[in-house]
>>> print(open('entry21.txt').read())   # compact mmCIF, C-alpha atoms
# COMPACT_ATOMS: atom_id res chain seq x y z
CA MET B 15 -7.64 -55.87 2.96
CA ASN B 16 -6.88 -59.14 1.30
CA ARG B 17 -9.92 -59.50 -0.96
CA ALA B 18 -9.63 -59.19 -4.73
CA LEU B 19 -10.32 -55.99 -6.61
CA THR B 20 -13.80 -55.97 -8.17
CA LEU B 21 -15.60 -53.83 -10.73
CA ASP B 22 -17.77 -52.35 -8.00
CA ASP B 23 -14.65 -51.13 -6.22
CA LEU B 24 -13.44 -49.38 -9.36
CA VAL B 25 -16.85 -47.80 -9.95
CA LEU B 26 -17.05 -46.49 -6.38
CA ALA B 27 -13.48 -45.18 -6.57
CA GLY B 28 -14.28 -43.45 -9.86
CA ILE B 29 -17.41 -41.90 -8.36
CA ALA B 30 -15.41 -40.62 -5.39
CA LEU B 31 -12.77 -39.05 -7.65
CA ALA B 32 -15.44 -37.54 -9.89
CA ALA B 33 -17.27 -36.14 -6.87
CA GLY B 34 -14.04 -34.52 -5.68
CA LEU B 35 -13.44 -32.95 -9.09
CA VAL B 36 -17.03 -31.69 -9.36
CA LEU B 37 -16.86 -30.25 -5.86
CA ALA B 38 -13.57 -28.53 -6.73
CA PHE B 39 -15.15 -27.00 -9.86
CA LEU B 40 -18.25 -25.82 -8.01
CA SER B 41 -16.25 -24.37 -5.14
CA ARG B 42 -13.98 -22.48 -7.53
CA THR B 43 -17.01 -21.05 -9.35
CA LEU B 44 -18.59 -19.98 -6.07
CA LEU B 45 -15.37 -18.37 -4.85
CA ARG B 46 -14.96 -16.52 -8.16
CA TRP B 47 -18.40 -15.03 -7.56
CA LEU B 48 -17.44 -14.09 -4.00
CA ALA B 49 -14.24 -12.46 -5.27
CA LYS B 50 -16.27 -10.07 -7.44
CA HIS B 51 -18.30 -8.98 -4.41
CA ALA B 52 -15.20 -8.72 -2.22
CA LYS B 53 -13.67 -6.18 -4.61
CA ARG B 54 -16.61 -3.85 -3.93
CA THR B 55 -15.77 -3.55 -0.24
CA LYS B 56 -13.34 -1.03 1.21
CA TRP B 57 -11.37 -3.58 3.22
CA SER B 58 -8.70 -5.29 1.11
CA GLY B 59 -8.36 -8.20 3.53
CA ASP B 60 -11.42 -10.01 2.20
CA ASP B 61 -9.90 -9.94 -1.29
CA VAL B 62 -6.81 -11.70 0.06
CA ILE B 63 -8.85 -14.33 1.92
CA VAL B 64 -11.15 -15.14 -1.01
CA ASP B 65 -8.24 -15.27 -3.46
CA THR B 66 -6.43 -17.72 -1.19
CA LEU B 67 -9.53 -19.88 -0.70
CA ARG B 68 -9.76 -20.16 -4.48
CA SER B 69 -6.46 -22.02 -4.32
CA VAL B 70 -6.89 -24.18 -1.23
CA VAL B 71 -10.55 -25.29 -1.43
CA PRO B 72 -10.42 -26.96 -4.89
CA TRP B 73 -7.24 -28.83 -3.99
CA ALA B 74 -8.77 -29.90 -0.68
CA ALA B 75 -11.83 -31.20 -2.52
CA ILE B 76 -9.63 -33.21 -4.91
CA ALA B 77 -7.65 -34.59 -1.95
CA GLY B 78 -10.90 -35.58 -0.24
CA GLY B 79 -12.09 -37.39 -3.35
CA ALA B 80 -8.77 -39.23 -3.64
CA ALA B 81 -8.95 -40.21 0.04
CA ALA B 82 -12.51 -41.53 -0.42
CA ALA B 83 -11.41 -43.48 -3.50
CA ALA B 84 -8.50 -45.02 -1.58
CA ALA B 85 -10.84 -45.98 1.26
CA VAL B 86 -13.17 -48.04 -0.96
CA LEU B 87 -10.38 -49.90 -2.75
CA PRO B 88 -9.12 -53.19 -1.26
CA LEU B 89 -5.64 -51.86 -0.42
CA THR B 90 -3.25 -53.50 1.96
CA HIS B 91 -2.59 -51.87 5.31
CA THR B 92 0.86 -50.66 4.22
CA VAL B 93 -0.35 -49.18 0.95
CA GLN B 94 -3.32 -47.57 2.68
CA HIS B 95 -1.01 -46.06 5.28
CA HIS B 96 1.34 -44.60 2.68
CA THR B 97 -1.58 -43.32 0.63
CA ASP B 98 -3.06 -41.56 3.64
CA GLN B 99 0.33 -40.02 4.44
CA ILE B 100 0.75 -38.74 0.89
CA LEU B 101 -2.70 -37.17 0.91
CA GLN B 102 -2.10 -35.62 4.33
CA VAL B 103 1.25 -34.13 3.25
CA TRP B 104 -0.38 -32.87 0.07
CA LEU B 105 -3.19 -31.21 2.02
CA ILE B 106 -0.80 -29.73 4.62
CA PHE B 107 1.41 -28.38 1.84
CA VAL B 108 -1.54 -26.67 0.11
CA VAL B 109 -2.91 -25.29 3.38
CA THR B 110 0.52 -24.01 4.42
CA LEU B 111 1.10 -22.16 1.15
CA SER B 112 -2.40 -20.72 1.28
CA ALA B 113 -2.02 -19.68 4.92
CA ALA B 114 1.29 -18.00 4.08
CA ARG B 115 -0.42 -16.06 1.29
CA VAL B 116 -3.30 -15.03 3.56
CA VAL B 117 -1.10 -13.90 6.45
CA ALA B 118 1.36 -12.11 4.18
CA GLY B 119 -1.48 -10.39 2.33
CA LEU B 120 -3.16 -9.28 5.55
CA VAL B 121 0.13 -7.97 6.94
CA ARG B 122 0.76 -6.06 3.71
CA SER B 123 -2.76 -4.64 3.86
CA VAL B 124 -2.27 -3.51 7.46
CA THR B 125 1.10 -1.87 6.76
CA GLN B 126 -0.30 -0.04 3.75
CA SER B 127 -3.34 1.22 5.67
CA ARG B 128 -1.15 2.41 8.55
CA SER B 129 1.24 4.27 6.32
CA GLY B 130 -1.52 5.49 4.01
CA VAL B 131 0.50 4.92 0.84
CA ALA B 132 0.95 2.29 -1.82
CA GLY B 133 4.36 1.28 -0.55
CA SER B 134 4.75 -1.83 1.59
CA ALA B 135 6.97 -2.80 4.49
CA THR B 136 8.12 -6.18 3.14
CA ILE B 137 10.19 -6.94 6.23
CA PHE B 138 7.03 -7.88 8.17
CA VAL B 139 5.56 -9.65 5.13
CA ASN B 140 8.67 -11.79 4.66
CA ILE B 141 8.99 -12.61 8.37
CA THR B 142 5.38 -13.78 8.66
CA ARG B 143 5.62 -15.79 5.44
CA VAL B 144 8.78 -17.57 6.62
CA LEU B 145 7.23 -18.32 10.03
CA VAL B 146 4.10 -19.87 8.48
CA LEU B 147 6.13 -21.97 6.04
CA ALA B 148 8.42 -23.14 8.85
CA ILE B 149 5.43 -24.21 10.95
CA GLY B 150 3.97 -26.11 7.99
CA PHE B 151 7.31 -27.84 7.38
CA LEU B 152 7.46 -28.98 11.00
CA VAL B 153 3.88 -30.28 10.79
CA VAL B 154 4.79 -32.27 7.66
CA LEU B 155 7.75 -33.84 9.44
CA GLN B 156 5.58 -34.74 12.41
CA THR B 157 2.98 -36.26 10.07
CA LEU B 158 5.62 -38.43 8.44
CA GLY B 159 6.71 -39.69 11.86
CA ILE B 160 10.02 -37.81 11.87
CA SER B 161 10.91 -36.42 15.29
CA ILE B 162 11.51 -32.67 15.17
CA ALA B 163 13.24 -32.49 18.58
CA PRO B 164 16.73 -33.34 17.19
CA LEU B 165 16.19 -30.84 14.39
CA LEU B 166 15.29 -28.06 16.82
CA THR B 167 18.32 -28.96 18.96
CA ALA B 168 20.62 -28.81 15.94
CA LEU B 169 19.17 -25.47 14.94
CA GLY B 170 19.74 -24.14 18.43
CA VAL B 171 23.37 -25.26 18.46
CA GLY B 172 24.07 -23.97 14.97
CA GLY B 173 22.23 -20.72 15.60
CA LEU B 174 25.25 -19.17 17.31
CA ALA B 175 27.54 -19.89 14.35
CA VAL B 176 24.95 -18.55 11.92
CA ALA B 177 24.49 -15.41 14.02
CA LEU B 178 28.23 -14.74 13.98
CA ALA B 179 28.47 -15.33 10.23
CA LEU B 180 25.46 -13.11 9.48
CA GLN B 181 26.18 -10.42 12.04
CA ASP B 182 25.72 -7.47 9.66
CA THR B 183 22.62 -9.02 8.09
CA LEU B 184 21.00 -9.64 11.47
CA ALA B 185 21.93 -6.12 12.59
CA ASN B 186 20.11 -4.69 9.57
CA LEU B 187 17.15 -7.03 10.18
CA PHE B 188 16.65 -5.99 13.80
CA ALA B 189 17.31 -2.35 12.91
CA GLY B 190 14.51 -2.52 10.32
CA VAL B 191 12.15 -4.11 12.83
CA HIS B 192 13.03 -1.43 15.38
CA ILE B 193 12.46 1.38 12.87
CA LEU B 194 9.02 0.09 11.91
CA ALA B 195 8.01 -0.80 15.48
CA SER B 196 8.97 2.65 16.79
CA LYS B 197 7.04 4.26 13.89
CA THR B 198 9.72 6.89 13.41
CA VAL B 199 9.81 6.05 9.70
CA GLN B 200 7.07 4.40 7.65
CA PRO B 201 6.73 3.75 3.92
CA GLY B 202 5.51 6.94 2.25
CA ASP B 203 7.32 9.34 4.61
CA TYR B 204 9.57 12.03 3.17
CA ILE B 205 12.90 12.00 5.01
CA ARG B 206 16.23 13.80 4.82
CA LEU B 207 19.42 12.30 6.27
CA SER B 208 22.29 14.26 7.76
CA SER B 209 24.46 12.93 4.92
CA GLY B 210 22.23 14.73 2.40
CA GLU B 211 20.09 11.94 0.96
CA GLU B 212 16.38 12.71 0.89
CA GLY B 213 13.20 11.38 -0.67
CA TYR B 214 10.11 9.24 -0.13
CA VAL B 215 10.53 5.93 1.71
CA VAL B 216 9.36 3.28 -0.75
CA ASP B 217 10.03 0.11 1.22
CA ILE B 218 11.73 -1.21 4.34
CA ASN B 219 12.75 -4.85 3.94
CA TRP B 220 14.86 -7.24 6.00
CA ARG B 221 18.17 -5.63 4.97
CA GLN B 222 17.72 -2.15 3.54
CA THR B 223 15.48 0.86 3.14
CA THR B 224 14.70 2.13 -0.35
CA VAL B 225 14.20 5.88 -0.79
CA ARG B 226 12.86 7.44 -3.99
CA GLN B 227 14.22 10.90 -4.68
CA LEU B 228 12.19 13.64 -6.36
CA SER B 229 14.27 12.98 -9.48
CA ASN B 230 12.77 9.44 -9.43
CA ASN B 231 16.11 7.82 -8.59
CA LEU B 232 16.31 5.16 -5.89
CA VAL B 233 18.69 5.43 -2.93
CA VAL B 234 19.34 2.18 -1.02
CA ILE B 235 20.29 2.66 2.65
CA PRO B 236 21.19 -0.21 5.02
CA ASN B 237 18.79 -0.34 7.96
CA GLY B 238 21.64 -0.21 10.46
CA GLN B 239 22.96 3.01 8.95
CA LEU B 240 19.48 4.53 8.87
CA ALA B 241 18.95 3.73 12.56
CA LYS B 242 22.21 5.44 13.56
CA THR B 243 22.11 8.58 11.42
CA ASN B 244 20.43 11.91 12.18
CA MET B 245 17.26 12.19 10.18
CA THR B 246 14.46 14.68 9.60
CA ASN B 247 11.01 13.26 8.87
CA TYR B 248 8.87 15.81 7.03
CA THR B 249 5.73 13.66 7.21
CA ARG B 250 5.50 13.08 10.98
CA PRO B 251 3.85 13.99 13.23
CA GLU B 252 1.82 15.80 10.53
CA GLN B 253 2.09 15.70 6.76
CA GLN B 254 1.16 19.35 6.37
CA LEU B 255 3.99 21.80 6.95
CA THR B 256 4.82 25.49 6.66
CA ILE B 257 7.35 27.04 4.31
CA LEU B 258 9.12 30.38 4.47
CA VAL B 259 9.53 32.77 1.53
CA GLN B 260 11.89 35.73 1.99
CA VAL B 261 10.81 39.03 0.36
CA GLY B 262 12.19 42.59 0.46
CA VAL B 263 10.79 46.00 -0.55
CA SER B 264 12.33 49.45 -0.84
CA TYR B 265 12.47 51.88 2.08
CA ASP B 266 10.03 54.30 0.46
CA SER B 267 7.27 51.65 0.37
CA ASP B 268 4.11 51.91 2.47
CA LEU B 269 4.45 48.79 4.63
CA ASP B 270 0.73 48.61 5.39
CA HIS B 271 0.01 48.66 1.68
CA VAL B 272 2.71 46.04 1.08
CA GLU B 273 1.22 43.80 3.75
CA ARG B 274 -2.30 44.15 2.35
CA VAL B 275 -1.24 43.39 -1.25
CA THR B 276 0.90 40.43 -0.17
CA THR B 277 -2.00 39.00 1.84
CA GLU B 278 -4.26 39.18 -1.20
CA VAL B 279 -1.70 37.36 -3.35
CA ILE B 280 -1.33 34.68 -0.66
CA ALA B 281 -5.09 34.12 -0.52
CA GLU B 282 -5.27 33.86 -4.30
CA THR B 283 -2.39 31.38 -4.45
CA MET B 284 -3.69 29.22 -1.61
CA ALA B 285 -7.13 28.97 -3.22
CA GLU B 286 -6.02 28.15 -6.77
CA ILE B 287 -2.83 26.09 -6.56
CA THR B 288 -2.99 22.32 -6.01
CA GLY B 289 -1.23 21.22 -2.84
CA ALA B 290 -1.80 24.43 -0.91
CA VAL B 291 -3.69 24.52 2.38
CA PRO B 292 -6.41 27.19 2.11
CA ASP B 293 -7.36 26.78 5.79
CA HIS B 294 -3.85 27.60 6.93
CA GLU B 295 -3.68 31.17 8.22
CA PRO B 296 -0.76 32.86 6.43
CA ALA B 297 1.59 35.21 8.25
CA ILE B 298 3.73 38.15 7.16
CA ARG B 299 6.52 39.23 9.49
CA PHE B 300 8.80 42.23 8.84
CA HIS B 301 12.15 41.56 10.44
CA THR B 302 15.16 43.34 8.89
CA PHE B 303 16.35 46.82 7.93
CA GLY B 304 18.73 45.68 5.21
CA ASP B 305 21.32 47.58 3.21
CA SER B 306 18.85 48.46 0.49
CA ARG B 307 15.51 46.98 1.51
CA ILE B 308 13.17 46.12 4.34
CA GLY B 309 13.03 42.36 4.57
CA PHE B 310 10.07 40.26 5.64
CA THR B 311 9.07 36.62 5.70
CA VAL B 312 5.91 35.11 4.23
CA ILE B 313 4.76 31.89 5.93
CA LEU B 314 2.66 29.57 3.75
CA GLY B 315 0.99 26.20 4.41
CA VAL B 316 1.49 23.24 2.04
CA GLY B 317 -0.04 19.80 2.00
CA GLU B 318 3.21 17.83 1.83
CA PHE B 319 6.91 18.35 1.25
CA SER B 320 7.06 18.17 -2.55
CA ASP B 321 4.19 20.67 -2.93
CA GLN B 322 6.36 23.52 -1.68
CA TYR B 323 8.27 23.90 -4.95
CA ARG B 324 5.16 24.39 -7.06
CA ILE B 325 3.59 26.76 -4.51
CA LYS B 326 6.74 28.87 -4.17
CA HIS B 327 6.98 29.05 -7.94
CA GLU B 328 3.44 30.31 -8.40
CA PHE B 329 3.52 32.63 -5.38
CA ILE B 330 6.71 34.41 -6.47
CA LYS B 331 5.41 34.89 -10.02
CA ARG B 332 2.08 36.30 -8.84
CA LEU B 333 3.67 38.50 -6.18
CA HIS B 334 6.17 39.97 -8.63
CA ARG B 335 3.41 40.76 -11.15
CA ARG B 336 1.19 42.31 -8.48
CA TYR B 337 4.01 44.44 -7.06
CA ARG B 338 4.67 45.86 -10.53
CA GLU B 339 0.99 46.70 -10.92
CA GLU B 340 0.87 48.39 -7.50
CA GLY B 341 4.15 50.27 -7.99
CA ILE B 342 5.90 48.48 -5.13
CA ARG B 343 9.62 48.35 -5.86
CA ILE B 344 11.90 45.44 -5.03
CA PRO B 345 15.37 47.06 -5.08
CA ALA B 346 18.52 45.30 -6.17
CA PRO B 347 21.30 45.11 -3.58
CA THR B 348 23.66 48.12 -3.69
CA ARG B 349 26.98 48.89 -2.06
CA THR B 350 28.98 52.13 -1.67
CA VAL B 351 32.49 51.76 -3.06
CA ALA B 352 35.18 54.40 -2.31
CA LEU B 353 37.78 54.85 -5.06
CA GLN B 354 40.92 56.67 -3.95
CA GLN B 355 42.53 58.82 -6.65
CA GLY B 356 45.38 60.74 -5.20
CA ALA B 357 43.96 62.48 -2.12
CA VAL B 358 40.39 62.62 -3.42
CA VAL B 359 37.78 60.07 -2.30
CA ILE B 360 34.90 59.67 -4.76
CA PRO B 361 31.92 57.68 -3.37
CA GLN B 362 30.01 55.72 -5.99
CA GLN B 363 26.91 53.57 -5.83
CA ARG B 364 27.52 50.17 -7.37
CA SER B 365 25.33 47.12 -7.64
CA GLY B 366 26.23 44.27 -5.32
CA GLU B 367 26.38 41.98 -8.32
CA ASP B 368 28.71 44.25 -10.30
CA MET B 369 31.47 44.53 -7.69
CA PRO B 370 32.78 42.17 -5.05
CA SER B 371 32.67 43.13 -1.38
CA GLY B 372 35.46 45.36 -0.08
CA SER B 373 37.05 48.45 -1.60
CA ALA B 374 39.15 48.91 -4.69
CA VAL B 375 42.23 51.17 -4.51
CA ALA B 376 43.63 52.71 -7.70
CA ASP B 377 47.11 54.19 -7.90
>>> encode(input="entry21.txt", output="C-alpha cells")
Amino acid sequence: MNRALTLDDLVLAGIALAAGLVLAFLSRTLLRWLAKHAKRTKWSGDDVIVDTLRSVVPWAAIAGGAAAAAAVLPLTHTVQHHTDQILQVWLIFVVTLSAARVVAGLVRSVTQSRSGVAGSATIFVNITRVLVLAIGFLVVLQTLGISIAPLLTALGVGGLAVALALQDTLANLFAGVHILASKTVQPGDYIRLSSGEEGYVVDINWRQTTVRQLSNNLVVIPNGQLAKTNMTNYTRPEQQLTILVQVGVSYDSDLDHVERVTTEVIAETMAEITGAVPDHEPAIRFHTFGDSRIGFTVILGVGEFSDQYRIKHEFIKRLHRRYREEGIRIPAPTRTVALQQGAVVIPQQRSGEDMPSGSAVAD
C-alpha cells in the first residue's frame, strides 16, 4: 500500500492486538479449567495434551492478533511479506515445541504404562523429540524460501563420516533400541548380569542403562555391553517367583509331624508378611540323609525379587521358635575324628565348626 497512515488504521490495529491478547487470556483460563478435569482421569495422556495446549493456544492467539493488525496497516508489499514470514516462523516455532512436548509426553506415558513402573525409557522420548524438532526446522527453512534439498544432500554425504566417528555411540543407541523393542528388559525389571551386577532397571537412554541396586547405588552399563552379556531377568515373564529355604531336622524326628508344623508356619507367614503370595501353594520336599540331619527344602512364593529377604527372615524366625515349642531338634553338624595315640584309636565326636575336615594325628 502507498496510502498514508491514518488514525483509523492505528485504532483498528490496536483493536486487533487487544483482541488477540484477550483471546489468549480467555483460552489460557479455559485450558486451566480443563487441566483440573484432566487430572481426574486415569489416562495421563490428556494431561500432557492440555498442558501443551496451554502453551501453544495463547501464543497462536497473539500471533493471529498481530497478523490482523499488520493486515489493516498500510504497509508496503516488502514489509508486509517480511512481517508475514516472521509471524509464520514464530507460529511454526511455537507449534513445533508444543508438538515435541506432546509427542514426548505421550511416548513417556506409554513406556511407563507398559513397564508398570515410574521409570521411563528416555531413549524413545529423546528420539521422538529430536525427530519432531528436525521436522519443524525443515518447515521453517521451507517457509523462509531456503531450499532443503542441498541440506539433505550434505547430511547424507556427511552421515558416513559421522557414523565412523560415533561408532561406539551409535552401537549403544541401536543396542538400546533393540533391547526395548525385543522387550527382554524394561524399566522396573530386576536383572542380574553374569558379571555380578544386579538391581532394578531405572532408565534406558540413548547410550546407557541405569540400574539401581538394593543398596540404592546406581550402576551405569553401556547398552552395547548389556546386549552382549548373559543376564537373568527376575521380573519376566512373571514378577512373582518362588524361593527355596533349606532346613534340616534330627534323625529321631517324626517327619510327618515336622511336615505338618512347617506347613502351619508357612501359612502363617504367607498370610501376615507383606510381599508374600498367600495363593501360592507351598511345598515341602525331603531330599537328603545328611551326616547329622535329614534335609528338606521349603518352597515359598513371593511377589517380587526384593521381597524374598524379608520373607526368609520372618519365616526362619517363626520356624525356629515353633520347632523349639514342638520339641523338634535342629542338630549342629558333627564329625567323627580319630586320634591316634600309639596303637590305640580313640573315636571322638566333634562339632564340624570346632575342627576342620580330615583327621589329626598326634605323636
>>> atom_distance(input="entry21.txt", atom1="atom CA of Asp217 of chain B", atom2="atom CA of Leu187 of chain B")
13.5 Å
>>> atom_distance(input="entry21.txt", atom1="atom CA of Ile76 of chain B", atom2="atom CA of Ser161 of chain B")
29.0 Å
>>> closest_residue(input="entry21.txt", among="B:Arg206, B:His327, B:Arg332, B:Arg68", to="Met245 of chain B", atoms="only C-alpha atoms")
B:Arg206
>>> residues_near_point(input="entry21.txt", point="(7.6, 40.4, -7.6)", cutoff="12 Å", atoms="only C-alpha atoms", output="list in words")
Gln260, Val261, Gly262, Val263, Val272, Val275, Thr276, Val279, His327, Glu328, Phe329, Ile330, Lys331, Arg332, Leu333, His334, Arg335, Arg336, Tyr337, Arg338, Glu339, Glu340, Gly341, Ile342, Arg343, Ile344 and Pro345 of chain B
>>> residues_around(input="entry21.txt", residues="segment 21-38 of chain B", least_positions_apart="3", cutoff="10 Å", atoms="only C-alpha atoms", output="PyMOL selection string")
chain B and resi 18+41-44+68-88
>>> write_last_selection(input="entry21.txt", atoms="C-alpha atoms", output="mmCIF file, in the frame of the given file")
data_model
loop_
_atom_site.group_PDB
_atom_site.id
_atom_site.type_symbol
_atom_site.label_atom_id
_atom_site.label_comp_id
_atom_site.auth_asym_id
_atom_site.auth_seq_id
_atom_site.Cartn_x
_atom_site.Cartn_y
_atom_site.Cartn_z
ATOM 1 C CA ALA B 18 -9.630 -59.190 -4.730
ATOM 2 C CA SER B 41 -16.250 -24.370 -5.140
ATOM 3 C CA ARG B 42 -13.980 -22.480 -7.530
ATOM 4 C CA THR B 43 -17.010 -21.050 -9.350
ATOM 5 C CA LEU B 44 -18.590 -19.980 -6.070
ATOM 6 C CA ARG B 68 -9.760 -20.160 -4.480
ATOM 7 C CA SER B 69 -6.460 -22.020 -4.320
ATOM 8 C CA VAL B 70 -6.890 -24.180 -1.230
ATOM 9 C CA VAL B 71 -10.550 -25.290 -1.430
ATOM 10 C CA PRO B 72 -10.420 -26.960 -4.890
ATOM 11 C CA TRP B 73 -7.240 -28.830 -3.990
ATOM 12 C CA ALA B 74 -8.770 -29.900 -0.680
ATOM 13 C CA ALA B 75 -11.830 -31.200 -2.520
ATOM 14 C CA ILE B 76 -9.630 -33.210 -4.910
ATOM 15 C CA ALA B 77 -7.650 -34.590 -1.950
ATOM 16 C CA GLY B 78 -10.900 -35.580 -0.240
ATOM 17 C CA GLY B 79 -12.090 -37.390 -3.350
ATOM 18 C CA ALA B 80 -8.770 -39.230 -3.640
ATOM 19 C CA ALA B 81 -8.950 -40.210 0.040
ATOM 20 C CA ALA B 82 -12.510 -41.530 -0.420
ATOM 21 C CA ALA B 83 -11.410 -43.480 -3.500
ATOM 22 C CA ALA B 84 -8.500 -45.020 -1.580
ATOM 23 C CA ALA B 85 -10.840 -45.980 1.260
ATOM 24 C CA VAL B 86 -13.170 -48.040 -0.960
ATOM 25 C CA LEU B 87 -10.380 -49.900 -2.750
ATOM 26 C CA PRO B 88 -9.120 -53.190 -1.260
#
>>> residues_around(input="entry21.txt", residues="Ala290 of chain B", least_positions_apart="4", cutoff="9 Å", atoms="all atoms listed in the file", output="list in words")
Thr283, Met284, Ala285, Glu286, His294, Leu314, Gly315, Val316, Gly317, Glu318, Asp321, Gln322 and Ile325 of chain B
>>> write_last_selection(input="entry21.txt", atoms="C-alpha atoms", output="JSON list (two decimals), in the coordinates of the input")
[["chain", "number", "residue", "atom", "x", "y", "z"],
["B", 283, "THR", "CA", -2.39, 31.38, -4.45],
["B", 284, "MET", "CA", -3.69, 29.22, -1.61],
["B", 285, "ALA", "CA", -7.13, 28.97, -3.22],
["B", 286, "GLU", "CA", -6.02, 28.15, -6.77],
["B", 294, "HIS", "CA", -3.85, 27.60, 6.93],
["B", 314, "LEU", "CA", 2.66, 29.57, 3.75],
["B", 315, "GLY", "CA", 0.99, 26.20, 4.41],
["B", 316, "VAL", "CA", 1.49, 23.24, 2.04],
["B", 317, "GLY", "CA", -0.04, 19.80, 2.00],
["B", 318, "GLU", "CA", 3.21, 17.83, 1.83],
["B", 321, "ASP", "CA", 4.19, 20.67, -2.93],
["B", 322, "GLN", "CA", 6.36, 23.52, -1.68],
["B", 325, "ILE", "CA", 3.59, 26.76, -4.51]]
>>> residues_around(input="entry21.txt", residues="Asn247 of chain B", least_positions_apart="6", cutoff="7 Å", atoms="all atoms listed in the file", output="list in words")
Asp203, Tyr204, Ile205 and Arg206 of chain B
>>> atom_distance(input="entry21.txt", atom1="atom CA of Val109 of chain B", atom2="atom CA of Thr157 of chain B")
14.1 Å
>>> closest_residue(input="entry21.txt", among="B:Lys242, B:Gly190, B:Leu269, B:Ile313", to="Ser208 of chain B", atoms="all atoms listed in the file")
B:Lys242
>>> closest_residue(input="entry21.txt", among="B:Pro251, B:Gly119, B:Gly213, B:Pro201", to="Ile63 of chain B", atoms="only C-alpha atoms")
B:Gly119
>>> closest_residue(input="entry21.txt", among="B:Val153, B:Val139, B:Leu67, B:Ile257", to="Val103 of chain B", atoms="only C-alpha atoms")
B:Val153
>>> closest_residue(input="entry21.txt", among="B:Ser196, B:Thr183, B:Gln102, B:Thr246", to="Gly150 of chain B", atoms="all atoms listed in the file")
B:Gln102
>>> closest_residue(input="entry21.txt", among="B:Leu40, B:Val199, B:Leu207, B:Thr288", to="Tyr323 of chain B", atoms="all atoms listed in the file")
B:Thr288
>>> residues_around(input="entry21.txt", residues="Ile308 of chain B", least_positions_apart="5", cutoff="8 Å", atoms="only C-alpha atoms", output="list in words")
Gly262, Val263, Ser264, Tyr265, Phe300, His301, Thr302 and Phe303 of chain B
>>> build_atoms(input="entry21.txt", residues="segment 220-237 of chain B", atoms="N, CA and C atoms", output="PDB file, in the coordinates of the input")
ATOM      1  N   TRP B 220      14.078  -6.627   4.932  1.00  0.00           N
ATOM      2  CA  TRP B 220      14.860  -7.240   6.000  1.00  0.00           C
ATOM      3  C   TRP B 220      16.298  -6.717   6.040  1.00  0.00           C
ATOM      4  N   ARG B 221      16.774  -6.075   4.995  1.00  0.00           N
ATOM      5  CA  ARG B 221      18.170  -5.630   4.970  1.00  0.00           C
ATOM      6  C   ARG B 221      18.327  -4.137   4.739  1.00  0.00           C
ATOM      7  N   GLN B 222      17.474  -3.512   3.970  1.00  0.00           N
ATOM      8  CA  GLN B 222      17.720  -2.150   3.540  1.00  0.00           C
ATOM      9  C   GLN B 222      16.423  -1.373   3.398  1.00  0.00           C
ATOM     10  N   THR B 223      16.596  -0.069   3.354  1.00  0.00           N
ATOM     11  CA  THR B 223      15.480   0.860   3.140  1.00  0.00           C
ATOM     12  C   THR B 223      15.674   1.530   1.789  1.00  0.00           C
ATOM     13  N   THR B 224      14.637   1.525   0.980  1.00  0.00           N
ATOM     14  CA  THR B 224      14.700   2.130  -0.350  1.00  0.00           C
ATOM     15  C   THR B 224      13.997   3.480  -0.319  1.00  0.00           C
ATOM     16  N   VAL B 225      14.708   4.510  -0.788  1.00  0.00           N
ATOM     17  CA  VAL B 225      14.200   5.880  -0.790  1.00  0.00           C
ATOM     18  C   VAL B 225      14.157   6.364  -2.234  1.00  0.00           C
ATOM     19  N   ARG B 226      13.010   6.891  -2.643  1.00  0.00           N
ATOM     20  CA  ARG B 226      12.860   7.440  -3.990  1.00  0.00           C
ATOM     21  C   ARG B 226      12.989   8.951  -3.948  1.00  0.00           C
ATOM     22  N   GLN B 227      13.993   9.471  -4.645  1.00  0.00           N
ATOM     23  CA  GLN B 227      14.220  10.900  -4.680  1.00  0.00           C
ATOM     24  C   GLN B 227      13.192  11.583  -5.586  1.00  0.00           C
ATOM     25  N   LEU B 228      13.122  12.916  -5.498  1.00  0.00           N
ATOM     26  CA  LEU B 228      12.190  13.640  -6.360  1.00  0.00           C
ATOM     27  C   LEU B 228      12.563  13.527  -7.829  1.00  0.00           C
ATOM     28  N   SER B 229      13.833  13.217  -8.105  1.00  0.00           N
ATOM     29  CA  SER B 229      14.270  12.980  -9.480  1.00  0.00           C
ATOM     30  C   SER B 229      13.917  11.579  -9.964  1.00  0.00           C
ATOM     31  N   ASN B 230      13.221  10.806  -9.136  1.00  0.00           N
ATOM     32  CA  ASN B 230      12.770   9.440  -9.430  1.00  0.00           C
ATOM     33  C   ASN B 230      13.904   8.432  -9.413  1.00  0.00           C
ATOM     34  N   ASN B 231      15.035   8.774  -8.808  1.00  0.00           N
ATOM     35  CA  ASN B 231      16.110   7.820  -8.590  1.00  0.00           C
ATOM     36  C   ASN B 231      15.911   7.140  -7.240  1.00  0.00           C
ATOM     37  N   LEU B 232      16.434   5.928  -7.118  1.00  0.00           N
ATOM     38  CA  LEU B 232      16.310   5.160  -5.890  1.00  0.00           C
ATOM     39  C   LEU B 232      17.631   5.192  -5.122  1.00  0.00           C
ATOM     40  N   VAL B 233      17.534   5.466  -3.828  1.00  0.00           N
ATOM     41  CA  VAL B 233      18.690   5.430  -2.930  1.00  0.00           C
ATOM     42  C   VAL B 233      18.468   4.264  -1.966  1.00  0.00           C
ATOM     43  N   VAL B 234      19.436   3.361  -1.886  1.00  0.00           N
ATOM     44  CA  VAL B 234      19.340   2.180  -1.020  1.00  0.00           C
ATOM     45  C   VAL B 234      20.213   2.427   0.205  1.00  0.00           C
ATOM     46  N   ILE B 235      19.608   2.370   1.393  1.00  0.00           N
ATOM     47  CA  ILE B 235      20.290   2.660   2.650  1.00  0.00           C
ATOM     48  C   ILE B 235      20.173   1.444   3.555  1.00  0.00           C
ATOM     49  N   PRO B 236      21.280   0.887   4.052  1.00  0.00           N
ATOM     50  CA  PRO B 236      21.190  -0.210   5.020  1.00  0.00           C
ATOM     51  C   PRO B 236      20.420   0.216   6.268  1.00  0.00           C
ATOM     52  N   ASN B 237      19.615  -0.682   6.804  1.00  0.00           N
ATOM     53  CA  ASN B 237      18.790  -0.340   7.960  1.00  0.00           C
ATOM     54  C   ASN B 237      19.637   0.081   9.158  1.00  0.00           C
TER      55      ASN B 237
END
